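Everything below concerns the one structure shown next.
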Amino acid sequence: MTETPVDDRGTVYVLRLFVAGPTARSSRALRNLRAVCDAHLAGRYELEVVDIYQQPELVRTAQIVAVPALVRELPKPVRQIVGDLSVEATVLRGLDIEVRR
Amino acid sequence: MTDEDAATIRRLTEELDTARATLEAIGSGAVDAIVVDGPTGPRIFSLAGSGEVYQTFVEAMNEGAVTVSLDGLVLYANRQAASLFGVPLTNLIGSRLTEHLDLTHAAAITLLGRSSAHPQQVAIPRPDGTSVQVLLSGRVVESPEEGIFCVVITDLTDIVAGQVASQRLAALVDGTEECVVVLDVALRVESVNQGAATMFGFDRHAAAGEPVATVFGEDVADLACRAARDRCSHREDVSIRTGGGAGTVVLVTAAPVVDGQGGLTGISLLGHDVTARHSAQARLAHQAAHDQLTGLPNRTGLLDCIAEQMDVRSGSHMALLFVDIDRFKQVNDTLGHSGGDDLLRSLAQRISTSLRPQDSAARVGGDEFVVLCADLGPDRGAAQAAAVGVADRLLELIAEPIRDEGGRTVLVPSASIGVAVTRGTGLSAEGLLHDADTAMYRAKQRGRSRVEVFDADLRVQTLRRERTVADARRVLEEDQLRLWYQPVVGLTDGLTVGYEALLRWQHPELGMTEPRVLLEVADDAGMSVLIGDWVIDRALEHLRDLTVQRGYAGFMSINMAAAQIGHGRLIERLPRRTHQLGLVPSRVCLEVTEDVSLDRSERTIEELASLADAGFRLALDDFGTGYASLTHLHRLPLTYLKIDKSFVGAMTAVPPSPMMVAPIIHLAKAAGLQVVAEGVETRVQETMLRDLGCDFSQGFLHGAPTA
């Protein structure tokens, strides 16, 4: 997580998940995100989780409206997905990840 | 449409999609909070069920808190947890626990599972290379979707450090030879170290729970009681009397142990072995109060004994017997110094064994012993009789002859004893000792080897004498001394052959007086030598004046005090003075009494012989009144023998006394001496003396002493 592995596909994803405390929805969003990333971005993503109560200063720069919210910092452009990330297809589409079948 | 336009359209479409999706999520209740920009920063609006209150608690607590999914994903962590793991908060949440612990996934899950039954202690390795000891207390929470671990992480750093410190302290306490003990509030032994067990000599393991008095004795128990009662520490030396530590002296400090509220929780005892210091002190104290030679108490020890006895105030009398060995200087001359020491030890032994149980003996000076007789009863007369009885018995014991290896008697010691009796009031220990000393002095004066009791007469004499001593100290500085001169005349031709210098005291109240009283106290006043020097100087100056002014060619006789002779001052000073004044020694005659030759040591004889060798003439004065014998006539290189005036007076007394003058003159002639008759007052006496062969005459017939 602290390192940024780069595989042959080249694109590195830097993700930031904003949550509002230890709620069930926060946990759910986190679990869902990790499942998607481990399945499709294994070895080429970096995830930070921000509790907006603990670190409100990080909220403004990210232009967060509602949480849980996932922000794709990289690759550009910045994208945002609000909700518990329970629908994998929505997450994949929001992160603009091509799924090879 | 340009490419740029196409990109803008795509971006706007995406933003629109995002906004739509966000609104949809909010509308479907898929969010926990809404963030609205405000002038002072973002404001967060929590939606129902987000648990903000609990979160506040979690963030405020000192412990780390994490929630972990059953498969090891960190779902939530508070700031304290991030700080313990040494990573940013954003990198902890969402990570896997195994990334932060040196454990396999399975081991980490097992650890969390166990922590819900018992807190688990683990070390957290940090990215900076350090590690921290923590306690994990977990709990599995079943949620509708999936179970999670809620784990509280307690930092053990301070506790571990405290444990290490206390282990070190325990090692220190156990390793030291000092005694360290903790008592509970009931003063029972709670813990003891080995040092205490060794010092006091008990079994360390049997001591726990026992009362302090049982283990450490009553003295320590008393100290602990006082510390508990006064709430302050007490310390004192405690002598261990019984058990394995007997003979040891321990400096024990008992101090109260209190809790934060000042409540007593026990007593601590610290003990330090001071036996060595104590025995050194005891030895010093004994030395300070005892005489090394005989082992008897010395003057200090005696005064303590007397003061102690006076404090009893029993109403009973006590007596001091001041015992002075007669002519001890001669004993030393006869036996040598080690022989003298042996005699003193032997006498100390004799005196000690003769005492009653309540009496004690001390050695207060070279040849002086004192016996303290206590508890002599309420009647003064009976007490005095008893004390004199003890003194008489001592005289007998002391007079036991000293014999050499062959059984021959070498010496028969004798002593003069002064007795002072008191009831213990109105007199200091020093005063009583002084009285006994004074009585002893009278015993000496009255012929030695006898007992005298201090009485009212003696007190008056003492006072008078003390006053004279004080007067004597002033005679020189107040110029109260004079020398008068009396001619010595040849009996055959009537010519003056010499003068005798005679001391007179111009007493401020009594007028011109005989100096006998002065000379008696001069020794005590420390004035003998100074007065002697003064006499010599004046007499020599007068001789010089007579010679220069009148062509006088005769001699000058000067009387010598015993204290002037025997320490080398005379032989050093007299020839020098004589020479300085242009006089020859043969014109100076030194008169010594029989006592001078008797009482003094060999050194007296030697110094007088040296003076004779230097040309000075010696005369034996007052012959017939002392104890001089023929032997003594031979010991001194004499020129003249002076017959005491009492014999001269007796020649013509009515009725006439036995004629003593003739044999004395014969004796002197046989020894080759010239004879001077003193106190010649009549022509009849002069004629008789001339017919007996006497050489010179001195007395009122030829001239009274004149200034």
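Order determines the names: the first chain of the structure tokens is A, the second B, and so forth; residues in each chain are numbered 1 upward, and ligands are numbered 1 upward as they are shown.
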Counting only C-alpha atoms, which residues of chain B fall within 6 Å of chain A, and what is the closest atom pair for each with its distance in Å at one decimal, ordered by chain and rising number, as a tab-separated table?
residue	atom	partner	partner_atom	distance
B:Thr22	CA	A:Val82	CA	5.4
B:Ala25	CA	A:Gly83	CA	5.7
B:Ala30	CA	A:Gly83	CA	5.1
B:Val31	CA	A:Val67	CA	5.4
B:Asp32	CA	A:Val67	CA	5.9
B:Ala33	CA	A:Val67	CA	5.5
B:Ile34	CA	A:Ala66	CA	4.2
B:Val35	CA	A:Val65	CA	4.7
B:Ser50	CA	A:Thr23	CA	5.7
B:Leu75	CA	A:Ser27	CA	5.4
B:Tyr76	CA	A:Pro22	CA	5.7
B:Thr90	CA	A:Val49	CA	4.8
B:Asn91	CA	A:Glu48	CA	5.6
B:Ile93	CA	A:Val49	CA	5.7
Write out, as a PDB file, in the first residue's frame, the residues just selected, with C-alpha atoms.
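Done, and the output landed in part.pdb:
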ATOM      1  CA  THR B  22     -24.265  11.325  -6.246  1.00  0.00           C
ATOM      2  CA  ALA B  25     -26.870   7.805  -3.797  1.00  0.00           C
ATOM      3  CA  ALA B  30     -26.511   5.212   0.538  1.00  0.00           C
ATOM      4  CA  VAL B  31     -24.462   7.891   2.363  1.00  0.00           C
ATOM      5  CA  ASP B  32     -23.604   8.564   6.031  1.00  0.00           C
ATOM      6  CA  ALA B  33     -22.980  12.300   5.823  1.00  0.00           C
ATOM      7  CA  ILE B  34     -23.249  15.285   3.541  1.00  0.00           C
ATOM      8  CA  VAL B  35     -20.478  17.824   3.283  1.00  0.00           C
ATOM      9  CA  SER B  50     -23.624   7.217  11.784  1.00  0.00           C
ATOM     10  CA  LEU B  75     -11.959  -1.119   8.659  1.00  0.00           C
ATOM     11  CA  TYR B  76     -11.432   1.688  11.075  1.00  0.00           C
ATOM     12  CA  THR B  90      -4.919   7.174   6.075  1.00  0.00           C
ATOM     13  CA  ASN B  91      -2.504   4.293   5.505  1.00  0.00           C
ATOM     14  CA  ILE B  93      -7.516   2.194   7.606  1.00  0.00           C
TER      15      ILE B  93
END
Next item on the list: Any chance you could list, as a count of residues only, the residues in region 227-430 of chain B that come up alpha helix (DSSP H) when DSSP is run on the backbone?
Entry: 81
Next item on the list: Would you list the contacts of region 37-41 of chain A as a list of chain:residue names, taking every protein, DNA or RNA residue within 9 Å and counting only C-alpha atoms, but skipping same-chain residues closer than 2 positions in sequence?
Entry: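 My list of contacting residues is A:Val12, A:Tyr13, A:Asn32, A:Leu33, A:Arg34, A:Ala35, A:Gly43, A:Arg44, A:Tyr45, A:Leu92, A:Ile97, A:Glu98, A:Val99.
Near region 197-210 of chain B, within a cut-off of 9 Å and counting only C-alpha atoms, sit the residues Glu177, Glu178, Cys179, Leu183, Asp184, Leu187, Arg188, Val189, Glu190, Ser191, Val192, Val215, Phe216, Ile240, Gly243, Gly244, Gly245, Ala246, Thr248, Val250, Gly271, His272 and Asp273 of chain B, with same-chain residues fewer than 5 positions away left out.
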Using DSSP on the backbone, list every residue of region 261-488 of chain B that comes out as strand (DSSP E), and give them as a PDB file with C-alpha atoms, in the first residue's frame.
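File selection_4.pdb, as written:
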ATOM      1  CA  LEU B 264      -0.351   4.789  56.626  1.00  0.00           C
ATOM      2  CA  THR B 265       0.229   1.605  54.631  1.00  0.00           C
ATOM      3  CA  GLY B 266       3.201   0.256  56.533  1.00  0.00           C
ATOM      4  CA  ILE B 267       6.614   0.968  58.059  1.00  0.00           C
ATOM      5  CA  SER B 268       9.926   0.644  56.298  1.00  0.00           C
ATOM      6  CA  LEU B 269      13.010  -0.371  58.245  1.00  0.00           C
ATOM      7  CA  LEU B 270      16.491   0.325  56.954  1.00  0.00           C
ATOM      8  CA  GLY B 271      19.434  -1.031  58.909  1.00  0.00           C
ATOM      9  CA  HIS B 272      23.127  -0.306  58.630  1.00  0.00           C
ATOM     10  CA  ASP B 273      25.762  -2.271  60.551  1.00  0.00           C
ATOM     11  CA  MET B 318      30.511   8.930 101.049  1.00  0.00           C
ATOM     12  CA  ALA B 319      34.254   9.361 101.446  1.00  0.00           C
ATOM     13  CA  LEU B 320      37.177  10.031  99.165  1.00  0.00           C
ATOM     14  CA  LEU B 321      40.552   8.623 100.125  1.00  0.00           C
ATOM     15  CA  PHE B 322      43.376  10.435  98.371  1.00  0.00           C
ATOM     16  CA  VAL B 323      46.363   8.082  98.347  1.00  0.00           C
ATOM     17  CA  ASP B 324      49.796   9.470  97.448  1.00  0.00           C
ATOM     18  CA  ILE B 325      52.762   7.121  97.316  1.00  0.00           C
ATOM     19  CA  SER B 360      35.793   2.027  93.547  1.00  0.00           C
ATOM     20  CA  ALA B 361      39.382   3.038  92.911  1.00  0.00           C
ATOM     21  CA  ALA B 362      40.990   5.387  90.392  1.00  0.00           C
ATOM     22  CA  ARG B 363      44.460   6.586  89.443  1.00  0.00           C
ATOM     23  CA  VAL B 364      44.433  10.356  89.186  1.00  0.00           C
ATOM     24  CA  GLY B 365      48.112  11.176  88.828  1.00  0.00           C
ATOM     25  CA  GLU B 368      48.196   9.254  93.173  1.00  0.00           C
ATOM     26  CA  PHE B 369      45.246   6.955  93.679  1.00  0.00           C
ATOM     27  CA  VAL B 370      41.774   7.785  94.915  1.00  0.00           C
ATOM     28  CA  VAL B 371      39.324   5.421  96.546  1.00  0.00           C
ATOM     29  CA  LEU B 372      35.650   6.289  96.602  1.00  0.00           C
ATOM     30  CA  CYS B 373      33.795   4.709  99.515  1.00  0.00           C
ATOM     31  CA  ILE B 402      58.565  -5.400  97.268  1.00  0.00           C
ATOM     32  CA  ARG B 403      61.064  -8.222  96.907  1.00  0.00           C
ATOM     33  CA  THR B 409      63.321  -6.758 100.184  1.00  0.00           C
ATOM     34  CA  VAL B 410      64.062  -4.040  97.649  1.00  0.00           C
ATOM     35  CA  LEU B 411      61.611  -1.474  98.835  1.00  0.00           C
ATOM     36  CA  ALA B 415      51.600   6.219 101.277  1.00  0.00           C
ATOM     37  CA  SER B 416      50.036   9.312 102.741  1.00  0.00           C
ATOM     38  CA  ILE B 417      46.261   9.261 102.714  1.00  0.00           C
ATOM     39  CA  GLY B 418      43.834  12.158 102.963  1.00  0.00           C
ATOM     40  CA  VAL B 419      40.209  11.461 103.734  1.00  0.00           C
ATOM     41  CA  ALA B 420      37.262  13.732 102.897  1.00  0.00           C
ATOM     42  CA  VAL B 421      33.733  12.804 103.895  1.00  0.00           C
ATOM     43  CA  THR B 422      30.552  14.307 102.505  1.00  0.00           C
ATOM     44  CA  VAL B 451      46.024   9.140 107.410  1.00  0.00           C
ATOM     45  CA  GLU B 452      44.597  12.644 107.858  1.00  0.00           C
ATOM     46  CA  VAL B 453      40.972  13.666 107.686  1.00  0.00           C
ATOM     47  CA  LEU B 481      60.728  41.282  97.723  1.00  0.00           C
ATOM     48  CA  ARG B 482      63.892  42.549  99.424  1.00  0.00           C
ATOM     49  CA  LEU B 483      67.274  41.031 100.212  1.00  0.00           C
ATOM     50  CA  TRP B 484      68.953  41.635 103.553  1.00  0.00           C
ATOM     51  CA  TYR B 485      72.555  40.665 104.243  1.00  0.00           C
ATOM     52  CA  GLN B 486      74.067  39.183 107.381  1.00  0.00           C
ATOM     53  CA  PRO B 487      77.844  38.975 107.903  1.00  0.00           C
ATOM     54  CA  VAL B 488      79.725  35.696 108.427  1.00  0.00           C
TER      55      VAL B 488
END
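CA of Thr604 (chain B) is found 24.6 Å from CA of Ile664 (chain B).
Every protein, DNA or RNA residue with an atom at most 12 Å from region 159-169 of chain B, where only C-alpha atoms count and chain neighbours fewer than 6 positions away do not, is listed here: Gln121, Ala123, Val132, Gln133, Val134, Leu135, Gly175, Thr176, Val180 and Asn193 of chain B.
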Go ahead and write the selection's residues with C-alpha atoms as a PDB file, in the first residue's frame.
ATOM      1  CA  GLN B 121       0.726  -8.932  24.645  1.00  0.00           C
ATOM      2  CA  ALA B 123       5.318  -6.208  19.993  1.00  0.00           C
ATOM      3  CA  VAL B 132       6.324  -1.036  20.987  1.00  0.00           C
ATOM      4  CA  GLN B 133       4.912  -3.479  23.486  1.00  0.00           C
ATOM      5  CA  VAL B 134       1.099  -3.432  23.435  1.00  0.00           C
ATOM      6  CA  LEU B 135      -1.777  -5.337  24.902  1.00  0.00           C
ATOM      7  CA  GLY B 175      21.902  -7.794  46.540  1.00  0.00           C
ATOM      8  CA  THR B 176      22.698  -5.230  49.220  1.00  0.00           C
ATOM      9  CA  VAL B 180      15.686  -3.579  54.114  1.00  0.00           C
ATOM     10  CA  ASN B 193      15.800  -8.906  52.159  1.00  0.00           C
TER      11      ASN B 193
END
Next item on the list: Identify, on the basis of only C-alpha atoms, every residue whose closest approach to region 635-649 of chain B does not exceed 7 Å; exclude the query and any residue fewer than 6 positions from it along the same chain; express the result as number ranges by chain.
Entry: B: 605, 609, 612, 617-624, 660-661, 668, 673-680
Produce a file of the selected residues containing N, CA and C atoms, as a CSV table (one decimal), in the first residue's frame.
chain,number,residue,atom,x,y,z
B,605,ILE,N,71.8,16.0,92.5
B,605,ILE,CA,73.1,15.9,93.0
B,605,ILE,C,74.1,16.2,91.8
B,609,ALA,N,77.0,19.1,91.7
B,609,ALA,CA,78.4,18.7,91.5
B,609,ALA,C,79.0,19.5,90.4
B,612,ALA,N,79.8,22.8,91.6
B,612,ALA,CA,81.1,22.8,92.4
B,612,ALA,C,82.3,22.7,91.5
B,617,ARG,N,81.0,27.4,95.6
B,617,ARG,CA,81.0,26.7,96.8
B,617,ARG,C,79.7,26.3,97.3
B,618,LEU,N,79.6,25.1,98.0
B,618,LEU,CA,78.3,24.6,98.4
B,618,LEU,C,78.3,24.5,100.0
B,619,ALA,N,77.2,25.0,100.5
B,619,ALA,CA,77.0,24.8,102.0
B,619,ALA,C,75.8,24.0,102.3
B,620,LEU,N,75.9,23.1,103.3
B,620,LEU,CA,74.7,22.4,103.7
B,620,LEU,C,74.1,23.2,104.9
B,621,ASP,N,72.9,23.7,104.7
B,621,ASP,CA,72.3,24.7,105.6
B,621,ASP,C,71.4,23.9,106.6
B,622,ASP,N,71.2,24.6,107.8
B,622,ASP,CA,70.3,24.1,108.8
B,622,ASP,C,70.7,22.6,109.3
B,623,PHE,N,72.0,22.3,109.3
B,623,PHE,CA,72.3,20.9,109.6
B,623,PHE,C,71.8,20.5,111.0
B,624,GLY,N,71.2,19.3,111.0
B,624,GLY,CA,70.7,18.8,112.3
B,624,GLY,C,69.2,18.8,112.4
B,660,MET,N,75.0,19.0,121.6
B,660,MET,CA,75.0,18.4,120.3
B,660,MET,C,76.0,19.0,119.3
B,661,VAL,N,76.5,20.2,119.7
B,661,VAL,CA,77.3,21.0,118.7
B,661,VAL,C,78.7,20.3,118.6
B,668,ALA,N,81.9,17.1,111.0
B,668,ALA,CA,82.2,17.9,109.8
B,668,ALA,C,83.7,18.0,109.5
B,673,LEU,N,85.1,19.5,106.1
B,673,LEU,CA,84.3,20.6,105.9
B,673,LEU,C,84.7,21.7,106.9
B,674,GLN,N,84.4,23.0,106.4
B,674,GLN,CA,84.5,24.1,107.4
B,674,GLN,C,83.1,24.3,108.0
B,675,VAL,N,83.1,24.8,109.3
B,675,VAL,CA,81.9,24.8,110.0
B,675,VAL,C,81.5,26.3,110.3
B,676,VAL,N,80.2,26.6,110.0
B,676,VAL,CA,79.6,27.9,110.3
B,676,VAL,C,78.5,27.7,111.4
B,677,ALA,N,78.6,28.4,112.5
B,677,ALA,CA,77.6,28.3,113.5
B,677,ALA,C,76.6,29.5,113.3
B,678,GLU,N,75.3,29.1,113.2
B,678,GLU,CA,74.3,30.1,113.0
B,678,GLU,C,73.6,30.5,114.3
B,679,GLY,N,73.1,31.7,114.3
B,679,GLY,CA,72.3,32.2,115.5
B,679,GLY,C,73.2,32.5,116.7
B,680,VAL,N,74.4,32.9,116.5
B,680,VAL,CA,75.3,33.2,117.7
B,680,VAL,C,74.9,34.6,118.2
Note to self: Need to verify the contact set: region 288-291 of chain B, 7 Å, only C-alpha atoms, exclusion of same-chain residues closer than 6 positions in sequence. Can you return it as an NGL selection string?
What the structure shows: :B and (297-298 or 300-301 or 363)
